[in-house]
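Q: Hey, dropping coords_5.pdb in here, PDB, C-alpha atoms and all ligand atoms:
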MODEL        1
ATOM      1  CA  MET T  45      14.862 147.899 175.156
ATOM      2  CA  THR T  46      13.246 150.158 172.580
ATOM      3  CA  ILE T  47      12.758 153.820 173.105
ATOM      4  CA  ASP T  48       9.165 154.979 173.258
ATOM      5  CA  ILE T  49       7.812 158.521 173.731
ATOM      6  CA  LYS T  50       4.215 159.274 174.711
ATOM      7  CA  PRO T  51       2.453 162.517 175.610
ATOM      8  CA  ILE T  52       2.243 162.931 179.382
ATOM      9  CA  ASP T  53      -1.233 164.389 179.106
ATOM     10  CA  PRO T  54      -2.753 163.144 175.828
ATOM     11  CA  VAL T  55      -6.089 164.796 176.536
ATOM     12  CA  SER T  56      -5.180 168.413 177.238
ATOM     13  CA  ARG T  57      -1.631 168.673 175.846
ATOM     14  CA  ALA T  58      -1.065 165.999 173.186
ATOM     15  CA  PHE T  59       1.894 167.917 171.682
ATOM     16  CA  PHE T  60       3.631 169.297 174.772
ATOM     17  CA  ALA T  61       5.729 167.297 177.284
ATOM     18  CA  GLY T  62       6.495 163.686 176.457
ATOM     19  CA  GLU T  63       7.431 160.783 178.707
ATOM     20  CA  VAL T  64      10.270 158.589 177.508
ATOM     21  CA  SER T  65      10.642 154.905 178.330
ATOM     22  CA  GLY T  66      12.880 152.093 177.137
ATOM     23  CA  ILE T  67      16.193 153.926 177.416
ATOM     24  CA  ASP T  68      19.177 153.843 179.783
ATOM     25  CA  LEU T  69      20.987 157.189 179.756
ATOM     26  CA  THR T  70      23.980 155.860 181.710
ATOM     27  CA  ARG T  71      25.352 154.138 178.612
ATOM     28  CA  ARG T  72      26.348 155.322 175.173
ATOM     29  CA  LEU T  73      23.296 155.738 172.942
ATOM     30  CA  SER T  74      22.895 154.382 169.427
ATOM     31  CA  ASP T  75      22.466 156.828 166.544
ATOM     32  CA  ALA T  76      18.832 155.718 166.318
ATOM     33  CA  GLU T  77      18.239 156.573 169.986
ATOM     34  CA  VAL T  78      19.852 160.003 169.568
ATOM     35  CA  ALA T  79      17.668 160.650 166.510
ATOM     36  CA  ALA T  80      14.540 159.548 168.410
ATOM     37  CA  ILE T  81      15.338 161.958 171.247
ATOM     38  CA  HIS T  82      15.818 164.905 168.863
ATOM     39  CA  ALA T  83      12.564 164.008 167.102
ATOM     40  CA  GLY T  84      10.810 163.783 170.482
ATOM     41  CA  MET T  85      12.188 167.201 171.467
ATOM     42  CA  ASP T  86      10.993 168.716 168.182
ATOM     43  CA  ARG T  87       7.527 167.334 168.813
ATOM     44  CA  PHE T  88       7.090 167.796 172.563
ATOM     45  CA  GLY T  89       9.498 170.590 173.607
ATOM     46  CA  VAL T  90       9.929 168.850 176.995
ATOM     47  CA  LEU T  91      10.909 165.220 177.624
ATOM     48  CA  VAL T  92      10.781 163.412 180.969
ATOM     49  CA  PHE T  93      12.999 160.379 181.682
ATOM     50  CA  HIS T  94      12.492 158.431 184.922
ATOM     51  CA  ASP T  95      14.921 156.355 187.022
ATOM     52  CA  GLN T  96      18.135 157.588 185.417
ATOM     53  CA  HIS T  97      20.809 157.134 188.096
ATOM     54  CA  LEU T  98      23.387 159.371 186.468
ATOM     55  CA  THR T  99      26.751 160.549 187.718
ATOM     56  CA  ASP T 100      27.814 163.996 186.502
ATOM     57  CA  ASP T 101      30.204 162.345 184.034
ATOM     58  CA  GLN T 102      27.412 160.166 182.636
ATOM     59  CA  GLN T 103      25.107 163.177 182.366
ATOM     60  CA  LEU T 104      27.857 165.061 180.514
ATOM     61  CA  ALA T 105      28.520 162.135 178.160
ATOM     62  CA  PHE T 106      24.800 161.798 177.358
ATOM     63  CA  SER T 107      24.436 165.576 176.853
ATOM     64  CA  ARG T 108      27.443 165.684 174.502
ATOM     65  CA  GLN T 109      25.869 162.990 172.361
ATOM     66  CA  LEU T 110      23.087 165.490 171.631
ATOM     67  CA  GLY T 111      25.298 168.470 170.756
ATOM     68  CA  PRO T 112      27.937 170.944 171.967
ATOM     69  CA  LEU T 113      27.609 172.224 175.546
ATOM     70  CA  GLU T 114      27.743 175.726 176.961
ATOM     71  CA  THR T 115      29.655 176.457 180.160
ATOM     72  CA  ALA T 116      28.083 177.698 183.391
ATOM     73  CA  THR T 117      29.200 181.320 183.006
ATOM     74  CA  GLY T 118      25.777 182.598 184.070
ATOM     75  CA  ASP T 119      26.496 181.465 187.627
ATOM     76  CA  ILE T 120      27.300 183.972 190.359
ATOM     77  CA  ALA T 121      29.476 181.612 192.446
ATOM     78  CA  ALA T 122      33.202 182.351 192.224
ATOM     79  CA  PRO T 123      35.114 179.442 190.609
ATOM     80  CA  GLU T 124      36.768 178.533 193.935
ATOM     81  CA  GLU T 125      33.360 178.360 195.643
ATOM     82  CA  ARG T 126      31.841 176.033 193.039
ATOM     83  CA  ARG T 127      30.787 172.511 194.019
ATOM     84  CA  LEU T 128      30.691 171.163 190.456
ATOM     85  CA  SER T 129      32.690 171.493 187.239
ATOM     86  CA  MET T 130      32.213 174.477 184.905
ATOM     87  CA  ASP T 131      30.273 172.227 182.512
ATOM     88  CA  VAL T 132      27.557 171.555 185.092
ATOM     89  CA  ASN T 133      25.138 174.172 186.450
ATOM     90  CA  ASP T 134      24.673 173.709 190.166
ATOM     91  CA  ILE T 135      20.898 174.082 190.665
ATOM     92  CA  SER T 136      21.054 173.206 194.354
ATOM     93  CA  ASN T 137      20.904 174.918 197.719
ATOM     94  CA  LEU T 138      24.240 173.396 198.783
ATOM     95  CA  ASP T 139      27.676 174.929 199.297
ATOM     96  CA  LYS T 140      30.919 173.293 198.160
ATOM     97  CA  HIS T 141      31.001 171.236 201.377
ATOM     98  CA  GLY T 142      27.525 169.841 200.662
ATOM     99  CA  LYS T 143      25.809 171.895 203.388
ATOM    100  CA  VAL T 144      22.497 173.703 202.879
ATOM    101  CA  VAL T 145      23.249 177.420 202.434
ATOM    102  CA  ALA T 146      21.866 180.078 204.780
ATOM    103  CA  ARG T 147      18.552 181.699 203.911
ATOM    104  CA  ASP T 148      20.299 185.017 203.117
ATOM    105  CA  ASP T 149      23.228 183.456 201.229
ATOM    106  CA  ARG T 150      24.054 185.560 198.146
ATOM    107  CA  ARG T 151      24.152 182.588 195.794
ATOM    108  CA  ARG T 152      20.753 181.421 197.029
ATOM    109  CA  LEU T 153      19.184 184.876 196.606
ATOM    110  CA  PHE T 154      20.595 185.109 193.092
ATOM    111  CA  GLY T 155      19.289 181.606 192.347
ATOM    112  CA  LEU T 156      15.776 182.623 193.401
ATOM    113  CA  GLY T 157      15.643 184.250 189.964
ATOM    114  CA  ASN T 158      14.734 180.731 188.779
ATOM    115  CA  LEU T 159      11.310 181.246 190.380
ATOM    116  CA  LEU T 160      10.526 183.705 187.571
ATOM    117  CA  TRP T 161       9.499 182.432 184.133
ATOM    118  CA  HIS T 162      12.569 182.306 181.897
ATOM    119  CA  SER T 163      14.445 180.625 179.095
ATOM    120  CA  ASP T 164      17.983 179.542 179.974
ATOM    121  CA  SER T 165      20.884 181.791 178.991
ATOM    122  CA  SER T 166      18.727 184.218 176.996
ATOM    123  CA  PHE T 167      21.052 186.790 178.605
ATOM    124  CA  LYS T 168      23.958 185.411 176.556
ATOM    125  CA  ASP T 169      24.520 186.447 172.921
ATOM    126  CA  VAL T 170      24.412 182.785 172.035
ATOM    127  CA  PRO T 171      21.711 181.362 174.269
ATOM    128  CA  ALA T 172      20.871 177.784 175.272
ATOM    129  CA  LYS T 173      19.314 175.099 173.089
ATOM    130  CA  TYR T 174      18.438 172.157 175.357
ATOM    131  CA  SER T 175      18.732 172.078 179.151
ATOM    132  CA  LEU T 176      18.982 168.716 180.922
ATOM    133  CA  LEU T 177      18.101 168.792 184.617
ATOM    134  CA  SER T 178      18.779 165.743 186.766
ATOM    135  CA  ALA T 179      17.224 165.408 190.236
ATOM    136  CA  ARG T 180      19.650 163.811 192.685
ATOM    137  CA  GLN T 181      17.902 164.741 195.939
ATOM    138  CA  ILE T 182      14.565 166.510 196.327
ATOM    139  CA  PRO T 183      12.582 168.049 199.184
ATOM    140  CA  ALA T 184       9.541 166.183 200.580
ATOM    141  CA  THR T 185       7.131 168.736 199.103
ATOM    142  CA  GLY T 186       7.293 171.719 196.766
ATOM    143  CA  GLY T 187      10.058 172.457 194.284
ATOM    144  CA  ASN T 188       8.108 171.499 191.162
ATOM    145  CA  THR T 189       9.298 172.862 187.836
ATOM    146  CA  GLU T 190       6.732 174.332 185.440
ATOM    147  CA  PHE T 191       7.074 174.584 181.668
ATOM    148  CA  ALA T 192       5.126 176.815 179.266
ATOM    149  CA  ASP T 193       4.702 176.014 175.564
ATOM    150  CA  MET T 194       5.765 179.143 173.698
ATOM    151  CA  ARG T 195       4.738 177.720 170.306
ATOM    152  CA  ALA T 196       1.156 177.314 171.487
ATOM    153  CA  ALA T 197       1.344 180.752 173.122
ATOM    154  CA  TYR T 198       2.469 182.303 169.838
ATOM    155  CA  ASP T 199      -0.205 180.472 167.839
ATOM    156  CA  ALA T 200      -2.885 181.741 170.239
ATOM    157  CA  LEU T 201      -2.045 185.431 169.665
ATOM    158  CA  ASP T 202      -4.513 187.289 167.479
ATOM    159  CA  GLU T 203      -3.354 188.567 164.087
ATOM    160  CA  VAL T 204      -2.817 192.136 165.304
ATOM    161  CA  ALA T 205      -0.545 190.940 168.110
ATOM    162  CA  LYS T 206       1.327 188.579 165.765
ATOM    163  CA  ARG T 207       2.075 191.507 163.455
ATOM    164  CA  GLU T 208       3.140 193.696 166.359
ATOM    165  CA  VAL T 209       5.649 191.211 167.826
ATOM    166  CA  HIS T 210       6.967 189.880 164.505
ATOM    167  CA  ASP T 211      10.141 191.963 164.192
ATOM    168  CA  LEU T 212      10.716 193.175 167.742
ATOM    169  CA  VAL T 213      14.111 192.739 169.391
ATOM    170  CA  CYS T 214      14.343 192.556 173.190
ATOM    171  CA  LEU T 215      17.229 193.336 175.523
ATOM    172  CA  HIS T 216      18.005 190.554 177.994
ATOM    173  CA  SER T 217      20.164 190.703 181.114
ATOM    174  CA  GLN T 218      20.373 188.894 184.436
ATOM    175  CA  ILE T 219      20.624 192.340 186.002
ATOM    176  CA  TYR T 220      16.948 192.951 185.013
ATOM    177  CA  SER T 221      15.564 189.592 186.128
ATOM    178  CA  ARG T 222      17.313 189.661 189.501
ATOM    179  CA  GLY T 223      16.433 193.332 189.910
ATOM    180  CA  MET T 224      12.764 192.376 189.635
ATOM    181  CA  LEU T 225      13.164 190.489 192.941
ATOM    182  CA  GLY T 226      15.099 193.346 194.514
ATOM    183  CA  PHE T 227      18.490 191.676 194.117
ATOM    184  CA  GLU T 228      20.781 194.545 193.162
ATOM    185  CA  GLU T 229      24.143 193.635 194.708
ATOM    186  CA  PHE T 230      26.133 193.142 191.536
ATOM    187  CA  THR T 231      29.825 193.924 191.322
ATOM    188  CA  GLU T 232      31.064 196.153 188.506
ATOM    189  CA  ALA T 233      32.597 193.073 186.834
ATOM    190  CA  GLU T 234      29.231 191.241 186.940
ATOM    191  CA  ARG T 235      27.438 194.261 185.496
ATOM    192  CA  GLN T 236      29.865 194.258 182.584
ATOM    193  CA  LYS T 237      29.757 190.508 182.075
ATOM    194  CA  TRP T 238      25.936 190.590 182.009
ATOM    195  CA  ALA T 239      25.413 193.745 179.941
ATOM    196  CA  PRO T 240      22.158 193.435 177.940
ATOM    197  CA  VAL T 241      22.136 191.310 174.783
ATOM    198  CA  ARG T 242      19.720 191.428 171.844
ATOM    199  CA  GLN T 243      17.265 188.589 171.163
ATOM    200  CA  ARG T 244      14.320 188.371 168.787
ATOM    201  CA  LEU T 245      10.868 188.268 170.397
ATOM    202  CA  VAL T 246       9.671 185.806 167.750
ATOM    203  CA  ARG T 247      11.941 183.055 166.517
ATOM    204  CA  ARG T 248      11.611 180.180 164.117
ATOM    205  CA  HIS T 249      12.583 176.654 165.116
ATOM    206  CA  PRO T 250      15.106 175.483 162.515
ATOM    207  CA  ALA T 251      13.830 171.877 162.416
ATOM    208  CA  THR T 252      10.046 172.273 162.666
ATOM    209  CA  GLY T 253       9.683 175.753 161.145
ATOM    210  CA  ARG T 254       7.256 176.689 163.933
ATOM    211  CA  LEU T 255       7.273 180.147 165.478
ATOM    212  CA  SER T 256       7.622 180.771 169.210
ATOM    213  CA  LEU T 257       7.468 183.740 171.508
ATOM    214  CA  TYR T 258      10.961 184.108 172.941
ATOM    215  CA  LEU T 259      10.328 185.646 176.348
ATOM    216  CA  ALA T 260      12.150 185.513 179.676
ATOM    217  CA  SER T 261      12.234 187.477 182.916
ATOM    218  CA  HIS T 262      15.683 188.547 181.666
ATOM    219  CA  ALA T 263      13.989 190.688 178.972
ATOM    220  CA  GLY T 264      13.957 194.242 180.347
ATOM    221  CA  GLY T 265      13.432 196.283 177.202
ATOM    222  CA  ILE T 266      12.395 196.327 173.557
ATOM    223  CA  GLU T 267      14.624 198.098 171.080
ATOM    224  CA  GLY T 268      13.150 201.445 170.036
ATOM    225  CA  TRP T 269      10.444 201.422 172.758
ATOM    226  CA  PRO T 270      10.232 203.507 175.946
ATOM    227  CA  VAL T 271      11.205 201.229 178.866
ATOM    228  CA  PRO T 272       7.916 201.350 180.855
ATOM    229  CA  GLU T 273       5.884 200.587 177.727
ATOM    230  CA  ALA T 274       8.214 197.718 176.821
ATOM    231  CA  ARG T 275       8.100 196.202 180.300
ATOM    232  CA  ALA T 276       4.325 196.476 180.522
ATOM    233  CA  PHE T 277       3.984 194.774 177.118
ATOM    234  CA  LEU T 278       6.453 192.006 178.038
ATOM    235  CA  ARG T 279       4.463 191.435 181.219
ATOM    236  CA  ASP T 280       1.227 191.129 179.221
ATOM    237  CA  LEU T 281       2.818 188.665 176.826
ATOM    238  CA  THR T 282       4.217 186.613 179.703
ATOM    239  CA  GLU T 283       0.811 186.535 181.357
ATOM    240  CA  HIS T 284      -0.708 185.347 178.090
ATOM    241  CA  ALA T 285       1.983 182.716 177.490
ATOM    242  CA  THR T 286       1.787 181.184 180.955
ATOM    243  CA  GLN T 287      -1.961 180.548 181.114
ATOM    244  CA  ARG T 288      -2.611 177.123 182.560
ATOM    245  CA  GLN T 289      -3.565 175.526 179.244
ATOM    246  CA  PHE T 290       0.002 176.116 178.022
ATOM    247  CA  VAL T 291       1.697 174.805 181.185
ATOM    248  CA  TYR T 292       3.000 171.400 182.254
ATOM    249  CA  ALA T 293       3.983 171.173 185.940
ATOM    250  CA  HIS T 294       6.611 168.536 186.652
ATOM    251  CA  VAL T 295       6.464 166.904 190.095
ATOM    252  CA  TRP T 296       9.954 165.515 190.618
ATOM    253  CA  LYS T 297      10.947 162.044 191.703
ATOM    254  CA  PRO T 298      14.579 161.332 192.565
ATOM    255  CA  PHE T 299      16.618 160.489 189.426
ATOM    256  CA  ASP T 300      14.153 162.011 187.004
ATOM    257  CA  LEU T 301      15.896 163.773 184.170
ATOM    258  CA  VAL T 302      13.885 166.463 182.402
ATOM    259  CA  MET T 303      15.117 167.967 179.159
ATOM    260  CA  TRP T 304      13.596 171.053 177.541
ATOM    261  CA  ASP T 305      14.123 173.085 174.406
ATOM    262  CA  ASN T 306      14.750 176.689 175.469
ATOM    263  CA  ARG T 307      13.826 177.905 171.989
ATOM    264  CA  VAL T 308      10.194 176.874 172.424
ATOM    265  CA  THR T 309       9.572 176.913 176.196
ATOM    266  CA  MET T 310       9.828 178.996 179.330
ATOM    267  CA  HIS T 311      10.164 177.392 182.747
ATOM    268  CA  ARG T 312      10.236 178.315 186.409
ATOM    269  CA  ALA T 313      11.020 176.636 189.729
ATOM    270  CA  ARG T 314       8.434 176.606 192.524
ATOM    271  CA  ARG T 315       9.127 177.300 196.201
ATOM    272  CA  TYR T 316      10.276 174.663 198.668
ATOM    273  CA  ASP T 317      11.412 174.560 202.289
ATOM    274  CA  PRO T 318      14.872 176.188 202.202
ATOM    275  CA  THR T 319      16.140 174.020 205.082
ATOM    276  CA  GLU T 320      15.635 170.829 203.036
ATOM    277  CA  VAL T 321      18.163 169.620 200.484
ATOM    278  CA  ARG T 322      17.335 170.096 196.812
ATOM    279  CA  ASP T 323      20.213 168.872 194.659
ATOM    280  CA  MET T 324      19.704 169.234 190.903
ATOM    281  CA  ARG T 325      22.396 169.281 188.225
ATOM    282  CA  ARG T 326      21.938 170.935 184.845
ATOM    283  CA  THR T 327      23.879 170.435 181.656
ATOM    284  CA  THR T 328      23.108 172.780 178.801
ATOM    285  CA  LEU T 329      23.498 172.588 175.050
ATOM    286  CA  THR T 330      24.451 175.785 173.272
ATOM    287  CA  ASN T 331      22.220 177.082 170.490
ATOM    288  CA  GLU T 332      25.449 177.882 168.584
ATOM    289  CA  VAL T 333      23.823 180.960 166.998
ATOM    290  CA  SER T 334      21.881 183.946 168.328
ATOM    291  CA  SER T 335      18.076 184.049 168.071
ATOM    292  CA  LEU T 336      18.705 186.993 165.715
ATOM    293  CA  GLU T 337      19.677 184.358 163.161
ATOM    294  CA  GLN T 338      16.402 182.443 163.635
ATOM    295  CA  ALA T 339      14.025 185.049 162.248
ATOM    296  CA  PRO T 340      10.388 184.151 161.517
TER
HETATM  297  C1  LIG P 401      17.215 175.538 185.594
HETATM  298  C2  LIG P 401      16.010 175.987 186.320
HETATM  299  C3  LIG P 401      14.258 175.208 187.757
HETATM  300  C4  LIG P 401      14.156 174.344 188.966
HETATM  301  O1  LIG P 401      17.792 174.528 185.994
HETATM  302  O2  LIG P 401      17.569 176.175 184.588
HETATM  303  O3  LIG P 401      15.497 177.043 186.041
HETATM  304  O4  LIG P 401      13.036 173.917 189.281
HETATM  305  N1  LIG P 401      15.545 175.133 187.224
HETATM  306  O5  LIG P 401      15.181 174.133 189.620
HETATM  307 MN    MN P 402      16.409 177.791 184.142
ENDMDL
END
Take the structure I supplied and represent it as structure tokens, if you would.
Ligand code: OGA
Ligand code: MN
A:
Amino acid sequence: MTIDIKPIDPVSRAFFAGEVSGIDLTRRLSDAEVAAIHAGMDRFGVLVFHDQHLTDDQQLAFSRQLGPLETATGDIAAPEERRLSMDVNDISNLDKHGKVVARDDRRRLFGLGNLLWHSDSSFKDVPAKYSLLSARQIPATGGNTEFADMRAAYDALDEVAKREVHDLVCLHSQIYSRGMLGFEEFTEAERQKWAPVRQRLVRRHPATGRLSLYLASHAGGIEGWPVPEARAFLRDLTEHATQRQFVYAHVWKPFDLVMWDNRVTMHRARRYDPTEVRDMRRTTLTNEVSSLEQAP
């Protein structure tokens, strides 16, 4: 088996979202395979692997071959209510007994924040590098995941806008993104844990040198700007960055694994029937440094 990576849509997006074949992620990868995956991520920002029947331990072992992991401290579920280990983000609608949660379940309502365009863990000082999402069980329809190419979005800004965003620093918090959907029921401890953090609005990818807009629904302010002006501007930029020509929509099949680089993409989940099971598991690589250290 030799690893091969091709653009999913060579006509309209030759450099965004690649499809990988010739690899079995359940076993230990060779150094050459690991290098090919990193190179594919640098080129495409999103990689899709099909038919990868992973256990959580296999997903963790594969993820660790790519770099150090972050832990799931962005989750609202109390440790004793968690279904999975702290190294795995539970992106499902299931409780710890494997039952679909109620429509008004607090964890579900918090998780609906994933329907808004975001970049994983931008609300942490040290945000995420790659996210690896494995589909174990999916609903009959709906529940796609969409990805936006933030390199292409940056490149498409006019020169005035590029100058304006160049040195801006945004404030990111899960309190903002959830608040946008009217979810306000945070405990005092959660408010402290998720106090706003600073992230650059434009960051440079350390391997490719390309610049990206670093946006997320978690961004609720721009340092030195009045809040309404900042939020209106962030909305404009998000609208620009998520135009259809920058977006790849992934239609899941069971045992797909999709990996994305949070430094150069935003993503969002799409709606699905909340009475159907959707069981997805996410492992996440840490960026190891803040975006503040990846200046343009
Ligand atoms: C995530 C996420 C989207 C989805 O796992 O980080 O945002 O479609 N998932 O579940
Ligand atoms: Mn996410």
Q: List as a PyMOL selection string the protein and nucleic acid residues lying within 8 Å of ligand MN 402 (chain P), with all atoms listed in the file counted.
A: chain T and resi 158+162-165+175+311-313
Q: Within 7 Å of Gln218 of chain T, counting all atoms listed in the file, which residues show up once you throw out same-chain ones fewer than 5 positions away? Write them as a list of chain:residue names, please.
A: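 The residues satisfying every condition are T:Phe167, T:Trp238, T:His262.
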Q: With distances taken over all atoms listed in the file, which residue among T:His216, T:Arg126, T:Arg254, T:His294 lies nearest Arg151 of chain T?
A: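 Once distances to Arg151 of chain T are computed over all atoms listed in the file, the minimum belongs to T:Arg126.
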Q: Pull out every residue that the PyMOL selection byres (((chain T and resi 334) around 6) and not hetatm) matches in the shown coordinates and put them as an mmCIF file with C-alpha atoms, keeping the file's coordinate frame.
A:
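And here's part-v7.cif as it stands now:
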data_model
loop_
_atom_site.group_PDB
_atom_site.id
_atom_site.type_symbol
_atom_site.label_atom_id
_atom_site.label_comp_id
_atom_site.auth_asym_id
_atom_site.auth_seq_id
_atom_site.Cartn_x
_atom_site.Cartn_y
_atom_site.Cartn_z
ATOM 1 C CA ASP T 169 24.520 186.447 172.921
ATOM 2 C CA VAL T 170 24.412 182.785 172.035
ATOM 3 C CA VAL T 333 23.823 180.960 166.998
ATOM 4 C CA SER T 335 18.076 184.049 168.071
ATOM 5 C CA LEU T 336 18.705 186.993 165.715
ATOM 6 C CA GLU T 337 19.677 184.358 163.161
#
Q: Taking the file above as input, evaluate the PyMOL selection byres (((chain T and resi 274-283) around 12) and not hetatm) and report the hits as a VMD selection string.
A: chain T and resid 160 to 163 192 to 194 197 to 198 200 to 202 205 to 206 208 to 209 212 to 216 220 to 221 224 245 to 246 256 to 273 284 to 288 290 to 291 309 to 311
Q: With C-alpha atoms retained, could you export that selection as an mmCIF file, in the frame of the given file?
A:
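Dumped to again03.cif:
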data_model
loop_
_atom_site.group_PDB
_atom_site.id
_atom_site.type_symbol
_atom_site.label_atom_id
_atom_site.label_comp_id
_atom_site.auth_asym_id
_atom_site.auth_seq_id
_atom_site.Cartn_x
_atom_site.Cartn_y
_atom_site.Cartn_z
ATOM 1 C CA LEU T 160 10.526 183.705 187.571
ATOM 2 C CA TRP T 161 9.499 182.432 184.133
ATOM 3 C CA HIS T 162 12.569 182.306 181.897
ATOM 4 C CA SER T 163 14.445 180.625 179.095
ATOM 5 C CA ALA T 192 5.126 176.815 179.266
ATOM 6 C CA ASP T 193 4.702 176.014 175.564
ATOM 7 C CA MET T 194 5.765 179.143 173.698
ATOM 8 C CA ALA T 197 1.344 180.752 173.122
ATOM 9 C CA TYR T 198 2.469 182.303 169.838
ATOM 10 C CA ALA T 200 -2.885 181.741 170.239
ATOM 11 C CA LEU T 201 -2.045 185.431 169.665
ATOM 12 C CA ASP T 202 -4.513 187.289 167.479
ATOM 13 C CA ALA T 205 -0.545 190.940 168.110
ATOM 14 C CA LYS T 206 1.327 188.579 165.765
ATOM 15 C CA GLU T 208 3.140 193.696 166.359
ATOM 16 C CA VAL T 209 5.649 191.211 167.826
ATOM 17 C CA LEU T 212 10.716 193.175 167.742
ATOM 18 C CA VAL T 213 14.111 192.739 169.391
ATOM 19 C CA CYS T 214 14.343 192.556 173.190
ATOM 20 C CA LEU T 215 17.229 193.336 175.523
ATOM 21 C CA HIS T 216 18.005 190.554 177.994
ATOM 22 C CA TYR T 220 16.948 192.951 185.013
ATOM 23 C CA SER T 221 15.564 189.592 186.128
ATOM 24 C CA MET T 224 12.764 192.376 189.635
ATOM 25 C CA LEU T 245 10.868 188.268 170.397
ATOM 26 C CA VAL T 246 9.671 185.806 167.750
ATOM 27 C CA SER T 256 7.622 180.771 169.210
ATOM 28 C CA LEU T 257 7.468 183.740 171.508
ATOM 29 C CA TYR T 258 10.961 184.108 172.941
ATOM 30 C CA LEU T 259 10.328 185.646 176.348
ATOM 31 C CA ALA T 260 12.150 185.513 179.676
ATOM 32 C CA SER T 261 12.234 187.477 182.916
ATOM 33 C CA HIS T 262 15.683 188.547 181.666
ATOM 34 C CA ALA T 263 13.989 190.688 178.972
ATOM 35 C CA GLY T 264 13.957 194.242 180.347
ATOM 36 C CA GLY T 265 13.432 196.283 177.202
ATOM 37 C CA ILE T 266 12.395 196.327 173.557
ATOM 38 C CA GLU T 267 14.624 198.098 171.080
ATOM 39 C CA GLY T 268 13.150 201.445 170.036
ATOM 40 C CA TRP T 269 10.444 201.422 172.758
ATOM 41 C CA PRO T 270 10.232 203.507 175.946
ATOM 42 C CA VAL T 271 11.205 201.229 178.866
ATOM 43 C CA PRO T 272 7.916 201.350 180.855
ATOM 44 C CA GLU T 273 5.884 200.587 177.727
ATOM 45 C CA HIS T 284 -0.708 185.347 178.090
ATOM 46 C CA ALA T 285 1.983 182.716 177.490
ATOM 47 C CA THR T 286 1.787 181.184 180.955
ATOM 48 C CA GLN T 287 -1.961 180.548 181.114
ATOM 49 C CA ARG T 288 -2.611 177.123 182.560
ATOM 50 C CA PHE T 290 0.002 176.116 178.022
ATOM 51 C CA VAL T 291 1.697 174.805 181.185
ATOM 52 C CA THR T 309 9.572 176.913 176.196
ATOM 53 C CA MET T 310 9.828 178.996 179.330
ATOM 54 C CA HIS T 311 10.164 177.392 182.747
#
Q: Edge lengths and centre in Å to one decimal, as AutoDock Vina command-line options, of the axis-aligned box that encloses all listed atoms of ligand LIG 401 (chain P) with 3 Å added on every side?
A:
--center_x 15.4 --center_y 175.5 --center_z 187.1 --size_x 10.8 --size_y 9.1 --size_z 11.0
Q: Rank T:Lys50, T:Arg315, T:Arg195, T:Lys297 by their smallest atom-to-atom distance to ligand LIG 401 (chain P), using only C-alpha atoms and all ligand atoms, and report the top residue only.
A: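 The answer is T:Arg315, which sits nearest to ligand LIG 401 (chain P).
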Q: Identify, on the basis of all atoms listed in the file, every residue whose closest approach to Ala293 of chain T does not exceed 7 Å; exclude the query and any residue fewer than 2 positions from it along the same chain; express the result as number ranges by chain.
A: T: 188-191, 291, 295
Q: Could you work out how far atom CA of Gln96 of chain T lies from atom CA of Ser74 of chain T, giving the answer in Å with one decimal?
A: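 Spanning atom CA of Ser74 of chain T to atom CA of Gln96 of chain T is a straight-line distance of 17.0 Å.
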Q: Restricting the calculation to all atoms listed in the file: of T:Pro318, T:Ala172, T:Thr115, T:Gly253, which residue gets closest to Asp149 of chain T?
A: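 Smallest separation from Asp149 of chain T among the options: T:Pro318.
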Q: I'd like the contact shell of Ile49 of chain T - 8 Å cut-off, only C-alpha atoms, skipping same-chain residues fewer than 6 positions apart - returned as number ranges by chain.
A: T: 62-65, 84
Q: Between T:Pro340, T:Pro183, T:Gly226, T:Gly157, which one has atoms that come closest to ligand LIG 401 (chain P), using only C-alpha atoms and all ligand atoms?
A: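 When distances to ligand LIG 401 (chain P) are compared using only C-alpha atoms and all ligand atoms, the smallest one comes from T:Gly157.
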Q: Which of these, T:Asp323, T:Gln243, T:Arg150, T:Gly186, has the shortest distance to Glu228 of chain T once you count all atoms listed in the file?
A: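 Distance minimum relative to Glu228 of chain T lands on T:Arg150.
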